[in-house]
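**Student:** For reference, the file model29.cif (mmCIF, C-alpha atoms and all ligand atoms) is included below:
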```cif
data_protein
#
loop_
_atom_site.group_PDB
_atom_site.id
_atom_site.type_symbol
_atom_site.label_atom_id
_atom_site.label_comp_id
_atom_site.auth_asym_id
_atom_site.auth_seq_id
_atom_site.Cartn_x
_atom_site.Cartn_y
_atom_site.Cartn_z
ATOM 1 C CA MET A 6 0.000 0.000 0.000
ATOM 2 C CA GLU A 7 2.768 2.435 0.822
ATOM 3 C CA LEU A 8 4.009 2.117 -2.802
ATOM 4 C CA CYS A 9 0.896 3.652 -4.294
ATOM 5 C CA TYR A 10 1.162 7.318 -3.316
ATOM 6 C CA SER A 11 3.992 9.293 -1.904
ATOM 7 C CA ASP A 12 1.535 12.080 -1.101
ATOM 8 C CA THR A 13 0.332 11.520 2.481
ATOM 9 C CA THR A 14 -2.859 13.538 2.004
ATOM 10 C CA ILE A 15 -4.353 10.812 -0.164
ATOM 11 C CA THR A 16 -5.876 7.993 1.806
ATOM 12 C CA SER A 17 -4.480 4.540 1.198
ATOM 13 C CA SER A 18 -7.993 3.117 0.718
ATOM 14 C CA SER A 19 -8.391 5.029 -2.596
ATOM 15 C CA CYS A 20 -5.359 3.370 -4.187
ATOM 16 C CA PRO A 21 -6.513 1.769 -7.471
ATOM 17 C CA SER A 22 -3.402 -0.296 -8.281
ATOM 18 C CA PRO A 23 -0.471 -1.430 -6.177
ATOM 19 C CA LEU A 24 2.393 -0.956 -8.711
ATOM 20 C CA PRO A 25 4.144 1.161 -10.007
ATOM 21 C CA PRO A 26 3.951 4.362 -7.886
ATOM 22 C CA LEU A 27 1.627 6.901 -9.521
ATOM 23 C CA PRO A 28 2.100 10.691 -9.414
ATOM 24 C CA SER A 29 -0.471 12.645 -7.437
ATOM 25 C CA PRO A 30 -3.510 13.843 -9.386
ATOM 26 C CA VAL A 31 -4.186 17.576 -9.255
ATOM 27 C CA ALA A 32 -7.413 19.119 -7.964
ATOM 28 C CA SER A 33 -8.197 20.963 -11.222
ATOM 29 C CA PRO A 34 -7.074 19.159 -14.390
ATOM 30 C CA CYS A 35 -5.428 21.160 -17.178
ATOM 31 C CA ALA A 36 -7.458 21.882 -20.333
ATOM 32 C CA ALA A 37 -5.554 19.201 -22.265
ATOM 33 C CA CYS A 38 -6.195 16.408 -19.778
ATOM 34 C CA LYS A 39 -9.829 17.454 -19.432
ATOM 35 C CA ILE A 40 -10.361 17.278 -23.205
ATOM 36 C CA LEU A 41 -8.387 14.030 -23.514
ATOM 37 C CA ARG A 42 -10.303 12.650 -20.510
ATOM 38 C CA ARG A 43 -7.176 11.538 -18.804
ATOM 39 C CA ARG A 44 -5.938 12.044 -15.279
ATOM 40 C CA CYS A 45 -3.937 15.254 -14.859
ATOM 41 C CA VAL A 46 -0.990 14.780 -12.560
ATOM 42 C CA GLU A 47 1.272 17.228 -10.764
ATOM 43 C CA LYS A 48 4.044 16.931 -13.345
ATOM 44 C CA CYS A 49 1.722 16.951 -16.369
ATOM 45 C CA VAL A 50 3.838 18.174 -19.286
ATOM 46 C CA LEU A 51 0.845 19.991 -20.810
ATOM 47 C CA ALA A 52 -0.528 21.697 -17.682
ATOM 48 C CA PRO A 53 1.759 24.779 -17.653
ATOM 49 C CA TYR A 54 0.780 25.673 -21.248
ATOM 50 C CA PHE A 55 -2.877 24.662 -21.375
ATOM 51 C CA PRO A 56 -4.615 26.158 -18.327
ATOM 52 C CA PRO A 57 -8.155 24.948 -17.529
ATOM 53 C CA ASN A 58 -9.640 28.394 -18.289
ATOM 54 C CA ASP A 59 -8.546 28.293 -21.962
ATOM 55 C CA PRO A 60 -9.732 24.992 -23.476
ATOM 56 C CA LEU A 61 -9.851 26.404 -27.035
ATOM 57 C CA LYS A 62 -6.058 26.718 -27.095
ATOM 58 C CA PHE A 63 -5.600 22.969 -26.701
ATOM 59 C CA THR A 64 -8.572 22.054 -28.917
ATOM 60 C CA THR A 65 -7.054 24.061 -31.773
ATOM 61 C CA ALA A 66 -3.546 22.617 -31.433
ATOM 62 C CA HIS A 67 -4.959 19.112 -30.908
ATOM 63 C CA ARG A 68 -7.051 19.281 -34.098
ATOM 64 C CA ILE A 69 -4.020 20.030 -36.250
ATOM 65 C CA PHE A 70 -1.088 18.315 -34.532
ATOM 66 C CA GLY A 71 -2.710 15.635 -32.365
ATOM 67 C CA ALA A 72 -2.146 15.258 -28.621
ATOM 68 C CA SER A 73 0.609 12.649 -28.907
ATOM 69 C CA ASN A 74 2.681 14.847 -31.228
ATOM 70 C CA ILE A 75 2.270 17.839 -28.917
ATOM 71 C CA ILE A 76 3.379 15.774 -25.902
ATOM 72 C CA LYS A 77 6.281 14.235 -27.827
ATOM 73 C CA LEU A 78 7.509 17.621 -29.025
ATOM 74 C CA LEU A 79 7.312 19.146 -25.553
ATOM 75 C CA GLN A 80 9.182 16.234 -24.005
ATOM 76 C CA GLU A 81 11.991 16.625 -26.535
ATOM 77 C CA LEU A 82 12.446 20.313 -25.723
ATOM 78 C CA PRO A 83 14.108 21.967 -22.724
ATOM 79 C CA GLU A 84 11.565 23.604 -20.408
ATOM 80 C CA THR A 85 12.760 27.102 -21.346
ATOM 81 C CA GLN A 86 11.621 26.586 -24.944
ATOM 82 C CA ARG A 87 8.322 24.854 -24.335
ATOM 83 C CA ALA A 88 6.131 27.967 -23.914
ATOM 84 C CA ASP A 89 7.402 29.363 -27.229
ATOM 85 C CA ALA A 90 6.866 26.003 -28.927
ATOM 86 C CA VAL A 91 3.255 25.892 -27.688
ATOM 87 C CA SER A 92 2.610 29.483 -28.866
ATOM 88 C CA SER A 93 4.048 28.565 -32.237
ATOM 89 C CA MET A 94 1.942 25.394 -32.528
ATOM 90 C CA VAL A 95 -1.255 27.228 -31.523
ATOM 91 C CA TYR A 96 -0.504 30.022 -34.007
ATOM 92 C CA GLU A 97 0.224 27.568 -36.802
ATOM 93 C CA ALA A 98 -2.868 25.519 -35.945
ATOM 94 C CA ASN A 99 -5.090 28.622 -36.103
ATOM 95 C CA ALA A 100 -3.548 29.620 -39.433
ATOM 96 C CA ARG A 101 -3.953 26.077 -40.762
ATOM 97 C CA LEU A 102 -7.640 26.059 -39.786
ATOM 98 C CA ARG A 103 -8.170 29.369 -41.607
ATOM 99 C CA ASP A 104 -6.092 28.356 -44.625
ATOM 100 C CA PRO A 105 -5.812 24.543 -44.886
ATOM 101 C CA VAL A 106 -3.476 24.702 -47.898
ATOM 102 C CA TYR A 107 -0.825 27.235 -46.922
ATOM 103 C CA GLY A 108 -1.383 27.809 -43.194
ATOM 104 C CA SER A 109 0.836 30.515 -41.748
ATOM 105 C CA ALA A 110 2.918 30.551 -44.967
ATOM 106 C CA GLY A 111 -0.197 31.963 -46.698
ATOM 107 C CA ALA A 112 -0.412 34.813 -44.173
ATOM 108 C CA ILE A 113 3.335 35.494 -44.501
ATOM 109 C CA SER A 114 3.160 35.635 -48.293
ATOM 110 C CA GLN A 115 0.103 37.927 -48.156
ATOM 111 C CA LEU A 116 1.920 40.299 -45.795
ATOM 112 C CA GLN A 117 5.042 40.156 -47.965
ATOM 113 C CA ASN A 118 2.968 41.238 -50.978
ATOM 114 C CA GLN A 119 1.542 44.122 -48.957
ATOM 115 C CA VAL A 120 5.069 45.169 -47.942
ATOM 116 C CA ASN A 121 6.194 45.106 -51.593
ATOM 117 C CA GLU A 122 3.196 47.164 -52.724
ATOM 118 C CA LEU A 123 3.741 49.737 -49.984
ATOM 119 C CA GLN A 124 7.450 49.957 -50.804
ATOM 120 C CA GLN A 125 6.578 50.666 -54.435
ATOM 121 C CA GLN A 126 4.109 53.373 -53.383
ATOM 122 C CA LEU A 127 6.742 54.857 -51.088
ATOM 123 C CA ALA A 128 9.299 54.931 -53.894
ATOM 124 C CA VAL A 129 6.807 56.730 -56.181
ATOM 125 C CA ALA A 130 5.996 59.260 -53.458
ATOM 126 C CA GLN A 131 9.691 59.879 -52.740
ATOM 127 C CA ALA A 132 10.387 60.394 -56.441
ATOM 128 C CA GLU A 133 7.529 62.922 -56.607
ATOM 129 C CA ILE A 134 8.888 64.775 -53.581
ATOM 130 C CA VAL A 135 12.301 65.057 -55.282
ATOM 131 C CA ASN A 136 10.618 66.196 -58.492
ATOM 132 C CA MET A 137 8.550 68.812 -56.686
ATOM 133 C CA GLN A 138 11.534 70.078 -54.736
ATOM 134 C CA SER A 139 13.399 70.691 -57.974
ATOM 135 C CA GLN A 140 10.297 72.408 -59.427
ATOM 136 C CA LYS A 141 10.087 74.586 -56.344
ATOM 137 C CA GLU A 142 13.749 75.546 -56.706
ATOM 138 C CA ASN A 143 13.190 76.442 -60.356
ATOM 139 C CA LEU A 144 10.167 78.547 -59.469
ATOM 140 C CA MET A 145 12.031 80.300 -56.686
ATOM 141 C CA ALA A 146 14.772 81.125 -59.166
ATOM 142 C CA LEU A 147 12.133 82.536 -61.528
ATOM 143 C CA ILE A 148 10.643 84.662 -58.751
ATOM 144 C CA CYS A 149 14.087 86.001 -57.917
ATOM 145 C CA MET A 150 14.623 86.893 -61.568
ATOM 146 C CA GLU A 151 11.253 88.661 -61.665
ATOM 147 C CA LYS A 152 12.136 90.666 -58.564
ATOM 148 C CA TRP A 153 15.509 91.521 -60.029
ATOM 149 C CA ASN A 154 13.840 92.746 -63.225
ATOM 150 C CA ASN A 155 11.342 94.784 -61.192
ATOM 151 C CA ILE A 156 14.052 96.960 -59.714
ATOM 152 C CA ILE A 157 15.064 98.137 -63.198
ATOM 153 C CA PRO A 158 13.246 101.558 -63.330
ATOM 154 C CA HIS A 159 12.041 101.722 -66.966
ATOM 155 C CA GLN A 160 10.445 98.219 -66.803
ATOM 156 C CA HIS A 161 8.829 98.690 -63.386
ATOM 157 C CA HIS A 162 5.187 99.114 -64.460
ATOM 158 C CA SER A 163 4.948 96.301 -67.041
ATOM 159 C CA TYR A 164 6.610 93.647 -64.799
ATOM 160 C CA ASP A 165 4.396 94.329 -61.780
ATOM 161 C CA ASN A 166 1.331 92.677 -63.308
ATOM 162 C CA GLY A 167 3.362 89.901 -64.866
ATOM 163 C CA CYS A 168 4.837 88.914 -61.532
ATOM 164 C CA GLN A 169 1.421 88.666 -59.864
ATOM 165 C CA THR A 170 0.121 86.461 -62.653
ATOM 166 C CA ASN A 171 3.103 84.158 -62.295
ATOM 167 C CA MET A 172 2.652 83.949 -58.517
ATOM 168 C CA SER A 173 -0.999 82.866 -58.735
ATOM 169 C CA PHE A 174 -0.075 80.272 -61.353
ATOM 170 C CA LEU A 175 2.606 78.967 -59.001
ATOM 171 C CA ASP A 176 0.128 78.545 -56.103
ATOM 172 C CA GLU A 177 -2.384 76.659 -58.252
ATOM 173 C CA ASN A 178 0.281 74.452 -59.729
ATOM 174 C CA LEU A 179 1.811 73.491 -56.366
ATOM 175 C CA GLY A 180 -1.629 72.858 -54.861
ATOM 176 C CA SER A 181 -2.588 70.378 -57.542
ATOM 177 C CA LEU A 182 0.800 68.657 -57.295
ATOM 178 C CA TRP A 183 0.407 68.142 -53.551
ATOM 179 C CA GLU A 184 -3.116 66.806 -54.109
ATOM 180 C CA HIS A 185 -1.704 64.380 -56.651
ATOM 181 C CA VAL A 186 0.871 63.058 -54.161
ATOM 182 C CA TRP A 187 -1.492 62.615 -51.238
ATOM 183 C CA THR A 188 -4.187 60.827 -53.212
ATOM 184 C CA GLN A 189 -1.707 58.241 -54.576
HETATM 185 ZN ZN ZN B 201 -2.743 17.793 -17.541
#
```
Show me this structure written as structure tokens.
**Tutor:**
Amino acid sequence: MELCYSDTTITSSSCPSPLPPLPSPVASPCAACKILRRRCVEKCVLAPYFPPNDPLKFTTAHRIFGASNIIKLLQELPETQRADAVSSMVYEANARLRDPVYGSAGAISQLQNQVNELQQQLAVAQAEIVNMQSQKENLMALICMEKWNNIIPHQHHSYDNGCQTNMSFLDENLGSLWEHVWTQ
């Protein structure tokens, strides 16, 4: 009888089998053991990663990988890597349920396409900024020339109107260019 349980809180009368010594069952089984309908013990390899309040996590991983594969994988890994491995399996399982053909690779490729598209848009926008900066510099040079011409006394009257016309054209032109960039 003394071989059955090392835990003294369990009465010897409840011992179901004499050999070998069994680990103590826990009061609240982990989600995995509950779903698998097996006895959850103190050193259950699944318990730290599948708490009883989150049964969906195990159900998802179990559907794709199977309980025995999950247990086998966790047993092969050092404890420090097990939480990450479980997160990875649950993530992959969710992706595989959404996209049975490509799983998480499908999501990665979709995101990669989005990155490529956005990089192309960014390159176009940057090229337009460079283009507009050079246009602005050209226009500024023109304005300077106009001002320089305006200080010549005999041309003063005729250039005054011309300069104003050019300035309003400049404002309209820049406004439409900015609109063009932001609506890309
Ligand atoms: Zn368990």
**Student:** In Å, rounded to a single decimal, give me how far atom CA of Ala98 of chain A is from atom CA of Ala112 of chain A.
**Tutor:** 12.7 Å
**Student:** In Å, how far is it from atom CA of Gln124 of chain A to atom CA of Asn136 of chain A?
**Tutor:**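 Value for the atom CA of Gln124 of chain A-atom CA of Asn136 of chain A distance: 18.2 Å.
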**Student:** Within 9 Å of ligand ZN 201 (chain B), which residues show up when you count all atoms listed in the file? List them as a ChimeraX atom specification, please.
**Tutor:** /A:31,33-39,43-53,55-57
**Student:** Would you put the residues from that selection into a file with C-alpha atoms, as a short mmCIF file (atom, residue, chain, number, x, y, z; two decimals), keeping the file's coordinate frame?
**Tutor:**
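again04.cif, written as the output of this step:
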```cif
data_model
loop_
_atom_site.label_atom_id
_atom_site.label_comp_id
_atom_site.auth_asym_id
_atom_site.auth_seq_id
_atom_site.Cartn_x
_atom_site.Cartn_y
_atom_site.Cartn_z
CA VAL A 31 -4.19 17.58 -9.26
CA SER A 33 -8.20 20.96 -11.22
CA PRO A 34 -7.07 19.16 -14.39
CA CYS A 35 -5.43 21.16 -17.18
CA ALA A 36 -7.46 21.88 -20.33
CA ALA A 37 -5.55 19.20 -22.26
CA CYS A 38 -6.20 16.41 -19.78
CA LYS A 39 -9.83 17.45 -19.43
CA ARG A 43 -7.18 11.54 -18.80
CA ARG A 44 -5.94 12.04 -15.28
CA CYS A 45 -3.94 15.25 -14.86
CA VAL A 46 -0.99 14.78 -12.56
CA GLU A 47 1.27 17.23 -10.76
CA LYS A 48 4.04 16.93 -13.34
CA CYS A 49 1.72 16.95 -16.37
CA VAL A 50 3.84 18.17 -19.29
CA LEU A 51 0.84 19.99 -20.81
CA ALA A 52 -0.53 21.70 -17.68
CA PRO A 53 1.76 24.78 -17.65
CA PHE A 55 -2.88 24.66 -21.38
CA PRO A 56 -4.62 26.16 -18.33
CA PRO A 57 -8.15 24.95 -17.53
#
```
**Student:** Skipping near chain neighbours, those fewer than 4 positions away, what residues fall within 9 Å of Phe70 of chain A using only C-alpha atoms, listed as a list in words?
**Tutor:** Thr65, Ala66, Asn74, Ile75, Met94 and Ala98 of chain A
**Student:** One decimal, in Å: what's the spacing between atom CA of Val91 of chain A and atom CA of Lys62 of chain A?
**Tutor:**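 Interatomic distance here is 9.4 Å.
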**Student:** How would you write, as a ChimeraX atom specification, the residues chosen by the PyMOL selection byres (((chain A and resi 102) around 12) and not hetatm) on this structure?
**Tutor:** /A:64-70,95-101,103-109,111
**Student:** Next, write the just-selected residues to a file, as a short mmCIF file (atom, residue, chain, number, x, y, z; two decimals), in the coordinates of the input, keeping C-alpha atoms as the atom set.
**Tutor:**
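Once everything was written out, this is result03.cif:
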```cif
data_model
loop_
_atom_site.label_atom_id
_atom_site.label_comp_id
_atom_site.auth_asym_id
_atom_site.auth_seq_id
_atom_site.Cartn_x
_atom_site.Cartn_y
_atom_site.Cartn_z
CA THR A 64 -8.57 22.05 -28.92
CA THR A 65 -7.05 24.06 -31.77
CA ALA A 66 -3.55 22.62 -31.43
CA HIS A 67 -4.96 19.11 -30.91
CA ARG A 68 -7.05 19.28 -34.10
CA ILE A 69 -4.02 20.03 -36.25
CA PHE A 70 -1.09 18.32 -34.53
CA VAL A 95 -1.25 27.23 -31.52
CA TYR A 96 -0.50 30.02 -34.01
CA GLU A 97 0.22 27.57 -36.80
CA ALA A 98 -2.87 25.52 -35.94
CA ASN A 99 -5.09 28.62 -36.10
CA ALA A 100 -3.55 29.62 -39.43
CA ARG A 101 -3.95 26.08 -40.76
CA ARG A 103 -8.17 29.37 -41.61
CA ASP A 104 -6.09 28.36 -44.62
CA PRO A 105 -5.81 24.54 -44.89
CA VAL A 106 -3.48 24.70 -47.90
CA TYR A 107 -0.82 27.24 -46.92
CA GLY A 108 -1.38 27.81 -43.19
CA SER A 109 0.84 30.52 -41.75
CA GLY A 111 -0.20 31.96 -46.70
#
```
**Student:** When distances are computed from all atoms listed in the file, which of A:Ala72, A:Glu84, A:Asp59, A:Gln119 shows the smallest separation from Arg42 of chain A?
**Tutor:**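 Comparing A:Ala72, A:Glu84, A:Asp59, A:Gln119 against Arg42 of chain A, the winner is A:Ala72.
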**Student:** Determine the axis-aligned bounding box of all atoms of segment 101-110 of chain A present in the file, pad each side by 4 Å, and express its centre and edge lengths in Å to one decimal place as AutoDock Vina command-line options.
**Tutor:**
```
--center_x -2.6 --center_y 27.5 --center_z -43.8 --size_x 19.1 --size_y 14.0 --size_z 16.1
```
